[in-house]
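Heads up, the thing below is written out as structure tokens.
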Amino acid sequence: MVFDHVPPHAPHPQPHTAGTTERTGIALVNLGTPDDTSYGAVRRYLSEFLSDRRVIEASPLFWQPILQGVVLSTRPAASGKAYRRIWNRTHDESPLRTITRQQAEALAERMAPSGVAVAWGMRYGSPSLEDAIRSLLQQGCSRILCMPLYPQYSATTTATANDHAFRTLMRLRNQPALRTLPPFPDDPAFIAALADSVRAAQAQAEQPFQKIVASFHGLPQAYVQKGDHYPADCQRTVQALREALGMDETTLPLTYQSRFGPAKWLEPYTAPFIEALPAQGITRIAVITPGFMADCLETLDEIGNEVREGFEHAGGESFTLIPCLNNSPGGIDLLETLARRELAGWLPEPG
Ligand SMILES: C=CC1=C(C)c2cc3[nH]c(cc4nc(cc5[nH]c(cc1n2)c(C)c5CCC(=O)O)C(CCC(=O)O)=C4C)c(C)c3C=C
Ligand SMILES: [Fe+2]
Ligand SMILES: [Fe+2]
């Protein structure tokens, strides 16, 4: 018997109902997270993440011995300690997992009247994006919108999430139709939600912020030289936000955080930039992180703990971390706006 285009090792047989209705589904996807903060769990997570050739482009012949040797014997302990500082003890999971689930539940409520199912998964760790897509198929979805929750494009985030969705479909005999959400760096709905979050933070502060630093996850400069247009997308977000708030490069500067390894990453680096501010007479600041749709290790610990301590140690007096859009009404409005736009033609006609 010949199995056209279906690898004989396809791991899970598809249920007969999968993809046989006109139902539409949405799969929300974010980066990933370890299952717990132990050395073993963090090591498994980092090993999967840092073995992704979209993330580390060096040849595996060169990189894998370094990863499996020095990196995975030292980094899991340090990262596990950082995760423990921010861990959601009520649900025993990382904040990124909690918030992604909350976003999916809230979006599901909004989309239910249109008959759209919503699932969520991670690019690395569990539940995986593959689990999310399989759950949508189980629910009879024949059309799926994959929504990587990254406002700015990068091959290291958006593309690898989409790769994972495509790879999942490669194993299916009956494939659903698949759409992917394009990046949305200066979408008016995104910028309006960010501007509202800044105004809300300012309204709660005792005194006006002297600066609001927009800090994005960094990227190796070599990837940008090879064509990744991530920094241009970050500039688009910040420029649009400046215009929405009547601010400029001085009052709303752009910086990059989360450098990993010895190579040159995008500059200026967030931590030294912020630690230098008190010496310039800037002692009351806020930090916004518009590259993240959900609070996570990089916002809550790196900015909320490490950078805050550096700023205070250097003489800073007031440090406000503006929350990500998370499951705020503005954040869910944005997800619904983006989803409905991308689902044009796939939703039942109103009335
Ligand atoms: C070469 C390494 C890395 C690249 C390139 C990279 C790009 C990148 N990452 C995000 C978003 C997130 N990264 C997060 C954690 C994280 N990132 C790296 C490395 C690279 N990221 C590491 C090693 C880690 C793990 C944490 C640590 O050990 O310090 C997270 C947080 C996950 C969580 O559970 O909270 C996010 C989100 C973007 C947007 C990006 C490219 C622009
Ligand atoms: Fe990262
Ligand atoms: Fe970090």
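How things are named: the first chain in the structure tokens is A, the next is B, and so on; residues count from 1 in each chain; ligands count from 1 in the order shown.
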Quiz prompt | Nearby residues (only C-alpha atoms) at most 10 Å from Gly80 in chain A, same-chain spacing under 4 positions excluded, as number ranges by chain | solution = A: 34, 36-43, 75-76, 84-85, 87
Distance table requested - chain A against ligand 3, cut-off 10 Å, only C-alpha atoms and all ligand atoms: one row per qualifying residue with the closest atom pair and its distance in Å to one decimal, ordered by chain and rising residue number, as CSV.
```
residue,atom,partner,partner_atom_place_in_ligand_line,distance
A:Ser79,CA,ligand 3,1 (Fe),8.4
A:Ala82,CA,ligand 3,1 (Fe),8.9
A:His217,CA,ligand 3,1 (Fe),8.5
A:Gly218,CA,ligand 3,1 (Fe),9.7
A:Gln257,CA,ligand 3,1 (Fe),7.3
A:Ser258,CA,ligand 3,1 (Fe),4.2
A:Arg259,CA,ligand 3,1 (Fe),7.0
A:Phe260,CA,ligand 3,1 (Fe),7.7
A:Cys296,CA,ligand 3,1 (Fe),9.6
A:Leu297,CA,ligand 3,1 (Fe),6.7
A:Glu298,CA,ligand 3,1 (Fe),4.8
A:Thr299,CA,ligand 3,1 (Fe),8.3
A:Leu300,CA,ligand 3,1 (Fe),9.8
A:Asp301,CA,ligand 3,1 (Fe),7.8
A:Glu302,CA,ligand 3,1 (Fe),5.6
A:Ile303,CA,ligand 3,1 (Fe),8.7
A:Glu306,CA,ligand 3,1 (Fe),9.7
```
Kindly export the residues of the current selection with C-alpha atoms, as a JSON list (two decimals), in the first residue's frame.
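New file out_10.json:
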```json
[["chain", "number", "residue", "atom", "x", "y", "z"],
["A", 79, "SER", "CA", 17.96, 30.21, 35.38],
["A", 82, "ALA", "CA", 15.61, 33.28, 38.52],
["A", 217, "HIS", "CA", 14.53, 41.42, 23.91],
["A", 218, "GLY", "CA", 17.87, 41.62, 22.11],
["A", 257, "GLN", "CA", 17.90, 43.44, 27.05],
["A", 258, "SER", "CA", 18.50, 39.69, 27.61],
["A", 259, "ARG", "CA", 21.87, 39.31, 25.91],
["A", 260, "PHE", "CA", 23.02, 35.68, 25.76],
["A", 296, "CYS", "CA", 7.72, 36.45, 31.78],
["A", 297, "LEU", "CA", 11.18, 35.82, 33.17],
["A", 298, "GLU", "CA", 12.64, 38.57, 31.00],
["A", 299, "THR", "CA", 10.24, 41.27, 32.19],
["A", 300, "LEU", "CA", 9.48, 40.26, 35.78],
["A", 301, "ASP", "CA", 12.95, 39.18, 36.85],
["A", 302, "GLU", "CA", 15.48, 40.72, 34.47],
["A", 303, "ILE", "CA", 13.80, 44.14, 34.45],
["A", 306, "GLU", "CA", 17.85, 42.91, 38.35]]
```
Exercise. From a DSSP calculation on the backbone, collect every residue of range 91-256 of chain A in alpha helix (DSSP H) and output the set as JSON, numbers by chain.
Key: {"A": [95, 96, 97, 98, 99, 100, 101, 102, 103, 104, 105, 106, 107, 108, 109, 110, 111, 129, 130, 131, 132, 133, 134, 135, 136, 137, 138, 160, 161, 162, 163, 164, 165, 166, 167, 168, 169, 170, 188, 189, 190, 191, 192, 193, 194, 195, 196, 197, 198, 199, 200, 201, 202, 203, 204, 221, 222, 223, 224, 225, 230, 231, 232, 233, 234, 235, 236, 237, 238, 239, 240, 241, 242, 243, 244, 245]}
What's the 8 Å shell around range 182-192 of chain A, counting only C-alpha atoms, without same-chain residues fewer than 4 positions away, as a PDB file with N, CA and C atoms, in the first residue's frame?
```
ATOM      1  N   TYR A 150       4.150  37.522  19.031  1.00  0.00           N
ATOM      2  CA  TYR A 150       5.305  38.416  18.962  1.00  0.00           C
ATOM      3  C   TYR A 150       4.944  39.595  18.062  1.00  0.00           C
ATOM      4  N   PRO A 151       4.863  40.804  18.629  1.00  0.00           N
ATOM      5  CA  PRO A 151       4.478  41.956  17.798  1.00  0.00           C
ATOM      6  C   PRO A 151       5.502  42.256  16.705  1.00  0.00           C
ATOM      7  N   GLN A 152       6.804  42.030  17.027  1.00  0.00           N
ATOM      8  CA  GLN A 152       7.868  42.321  16.062  1.00  0.00           C
ATOM      9  C   GLN A 152       8.371  40.990  15.510  1.00  0.00           C
ATOM     10  N   TYR A 153       8.588  40.937  14.189  1.00  0.00           N
ATOM     11  CA  TYR A 153       9.063  39.703  13.560  1.00  0.00           C
ATOM     12  C   TYR A 153      10.507  39.414  13.931  1.00  0.00           C
ATOM     13  N   THR A 158       9.049  34.346  15.611  1.00  0.00           N
ATOM     14  CA  THR A 158       7.890  34.156  14.725  1.00  0.00           C
ATOM     15  C   THR A 158       8.099  32.962  13.790  1.00  0.00           C
ATOM     16  N   ASP A 196      -2.383  53.298  26.344  1.00  0.00           N
ATOM     17  CA  ASP A 196      -3.292  53.255  27.512  1.00  0.00           C
ATOM     18  C   ASP A 196      -2.561  52.702  28.730  1.00  0.00           C
ATOM     19  N   ASP A 233      11.418  46.546  13.080  1.00  0.00           N
ATOM     20  CA  ASP A 233      10.077  46.412  13.670  1.00  0.00           C
ATOM     21  C   ASP A 233      10.025  47.059  15.056  1.00  0.00           C
ATOM     22  N   CYS A 234      11.093  46.892  15.844  1.00  0.00           N
ATOM     23  CA  CYS A 234      11.132  47.512  17.184  1.00  0.00           C
ATOM     24  C   CYS A 234      11.074  49.036  17.045  1.00  0.00           C
ATOM     25  N   ARG A 236       9.711  50.673  14.642  1.00  0.00           N
ATOM     26  CA  ARG A 236       8.336  51.051  14.231  1.00  0.00           C
ATOM     27  C   ARG A 236       7.423  51.128  15.449  1.00  0.00           C
ATOM     28  N   THR A 237       7.559  50.160  16.359  1.00  0.00           N
ATOM     29  CA  THR A 237       6.709  50.166  17.565  1.00  0.00           C
ATOM     30  C   THR A 237       6.980  51.431  18.388  1.00  0.00           C
ATOM     31  N   ALA A 240       5.854  54.751  16.728  1.00  0.00           N
ATOM     32  CA  ALA A 240       4.387  54.917  16.779  1.00  0.00           C
ATOM     33  C   ALA A 240       3.934  55.258  18.202  1.00  0.00           C
ATOM     34  N   LEU A 241       4.585  54.640  19.194  1.00  0.00           N
ATOM     35  CA  LEU A 241       4.215  54.912  20.589  1.00  0.00           C
ATOM     36  C   LEU A 241       4.588  56.345  20.978  1.00  0.00           C
ATOM     37  N   ALA A 244       1.969  58.551  19.575  1.00  0.00           N
ATOM     38  CA  ALA A 244       0.697  58.446  20.309  1.00  0.00           C
ATOM     39  C   ALA A 244       0.751  59.205  21.636  1.00  0.00           C
ATOM     40  N   LEU A 334      -7.092  43.640  21.663  1.00  0.00           N
ATOM     41  CA  LEU A 334      -6.094  43.565  20.586  1.00  0.00           C
ATOM     42  C   LEU A 334      -6.091  42.173  19.952  1.00  0.00           C
ATOM     43  N   THR A 337      -9.139  41.807  17.802  1.00  0.00           N
ATOM     44  CA  THR A 337      -9.046  42.605  16.567  1.00  0.00           C
ATOM     45  C   THR A 337      -8.150  41.900  15.548  1.00  0.00           C
TER      46      THR A 337
END
```
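The gap separating CA of Ser154 in chain A from CA of Tyr45 in chain A is 20.4 Å, in Å to one decimal.
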Quiz item: Hey, what does DSSP flag as strand (DSSP E) within range 120-232 of chain A? Can you give it to me as a PyMOL selection string?
Solution: chain A and resi 120-125+141-148+177-180+211-217
Exercise. Excluding range 54-68 of chain A and residues on its chain fewer than 6 positions from it, collect all residues at most 12 Å away from it, counting only C-alpha atoms, and give them as a count of residues only.
Key: 31
Practice problem: Check the smallest atom-to-atom distance from each of A:Ser128, A:Ser73, A:Gln139, A:Thr270 to Ser215 in chain A using only C-alpha atoms, then report the winner. | Solution: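 Smallest separation from Ser215 in chain A among the options: A:Thr270.
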Quiz item: Which value, in Å to one decimal, gives the distance between atom 22 (C, counted along the ligand's line) of ligand 1 and CA of Ile144 in chain A?
Solution: 28.7 Å
Self-check item: Close residues, Thr283 in chain A itself excluded, 8 Å, only C-alpha atoms, min 2 positions apart in chain, as an MDAnalysis selection string
Solution: chainID A and resid 210 277:278 281 285 315:318
Selection export as a PDB file, in the first residue's frame, atoms kept: N, CA and C atoms:
```pdb
ATOM      1  N   GLN A 210      10.361  60.838  34.501  1.00  0.00           N
ATOM      2  CA  GLN A 210      11.258  61.700  33.716  1.00  0.00           C
ATOM      3  C   GLN A 210      11.583  61.045  32.369  1.00  0.00           C
ATOM      4  N   LEU A 277      21.504  56.491  34.263  1.00  0.00           N
ATOM      5  CA  LEU A 277      20.553  57.624  34.307  1.00  0.00           C
ATOM      6  C   LEU A 277      20.674  58.480  35.581  1.00  0.00           C
ATOM      7  N   PRO A 278      20.755  57.882  36.792  1.00  0.00           N
ATOM      8  CA  PRO A 278      20.806  58.741  37.991  1.00  0.00           C
ATOM      9  C   PRO A 278      21.945  59.768  37.929  1.00  0.00           C
ATOM     10  N   GLY A 281      20.913  62.871  36.482  1.00  0.00           N
ATOM     11  CA  GLY A 281      19.808  63.565  37.154  1.00  0.00           C
ATOM     12  C   GLY A 281      18.450  62.940  36.890  1.00  0.00           C
ATOM     13  N   ILE A 285      11.868  56.796  36.746  1.00  0.00           N
ATOM     14  CA  ILE A 285      11.631  56.263  35.398  1.00  0.00           C
ATOM     15  C   ILE A 285      10.579  55.151  35.423  1.00  0.00           C
ATOM     16  N   GLY A 315      21.469  55.167  42.528  1.00  0.00           N
ATOM     17  CA  GLY A 315      20.892  56.415  43.030  1.00  0.00           C
ATOM     18  C   GLY A 315      19.487  56.711  42.524  1.00  0.00           C
ATOM     19  N   GLY A 316      18.909  55.793  41.737  1.00  0.00           N
ATOM     20  CA  GLY A 316      17.533  55.989  41.250  1.00  0.00           C
ATOM     21  C   GLY A 316      16.545  55.946  42.407  1.00  0.00           C
ATOM     22  N   GLU A 317      15.489  56.755  42.313  1.00  0.00           N
ATOM     23  CA  GLU A 317      14.527  56.842  43.428  1.00  0.00           C
ATOM     24  C   GLU A 317      13.213  56.127  43.158  1.00  0.00           C
ATOM     25  N   SER A 318      12.752  56.172  41.913  1.00  0.00           N
ATOM     26  CA  SER A 318      11.446  55.566  41.628  1.00  0.00           C
ATOM     27  C   SER A 318      11.508  54.806  40.305  1.00  0.00           C
TER      28      SER A 318
END
```
Practice problem: Excluding Ile212 in chain A and any residue of its chain fewer than 3 positions from it, enumerate the residues within 12 Å of it, using only C-alpha atoms, and give them as number ranges by chain. | Solution: A: 195, 198-199, 201-202, 208-209, 215, 238, 241-242, 245, 247-255, 274, 277, 282-290, 318-322
Quiz item: When you draw a straight line from atom 30 (C, counted along the ligand's line) of ligand 1 to CA of Thr24 in chain A, how long is it in Å?
Solution: 29.0 Å
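Here the question is which of A:Gln280, A:Pro268, A:Leu137, A:Ile26 gets nearest to Lys211 in chain A using only C-alpha atoms, and that residue is A:Gln280.
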Quiz item: Which residue gives the smallest distance to Glu109 in chain A among A:Ala205, A:Phe49, A:Leu347, A:Glu336, with only C-alpha atoms counted?
Solution: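 Closest candidate: A:Glu336.
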Quiz prompt | Residue among A:Val29, A:Ala165, A:Ala344, A:Ala193 lying closest to ligand 1, counting only C-alpha atoms and all ligand atoms | solution =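 Nearest to ligand 1: A:Val29.
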Practice problem: Write out as a list in words which residues come within 10 Å of Ala177 in chain A when counting only C-alpha atoms, dropping same-chain ones fewer than 5 positions away. | Solution: Gly19, Thr24, Cys141, Ser142, Arg143, Ile144, Leu145 and Leu169 of chain A
With C-alpha atoms retained, could you export that selection as a compact mmCIF listing (two decimals), in the first residue's frame?
```
# COMPACT_ATOMS: atom_id res chain seq x y z
CA GLY A 19 -10.86 18.49 9.86
CA THR A 24 -12.36 27.47 12.52
CA CYS A 141 -11.46 22.41 12.99
CA SER A 142 -10.57 22.34 9.30
CA ARG A 143 -9.23 25.91 9.29
CA ILE A 144 -6.61 27.10 11.77
CA LEU A 145 -5.11 30.50 12.45
CA LEU A 169 0.79 19.51 9.62
```
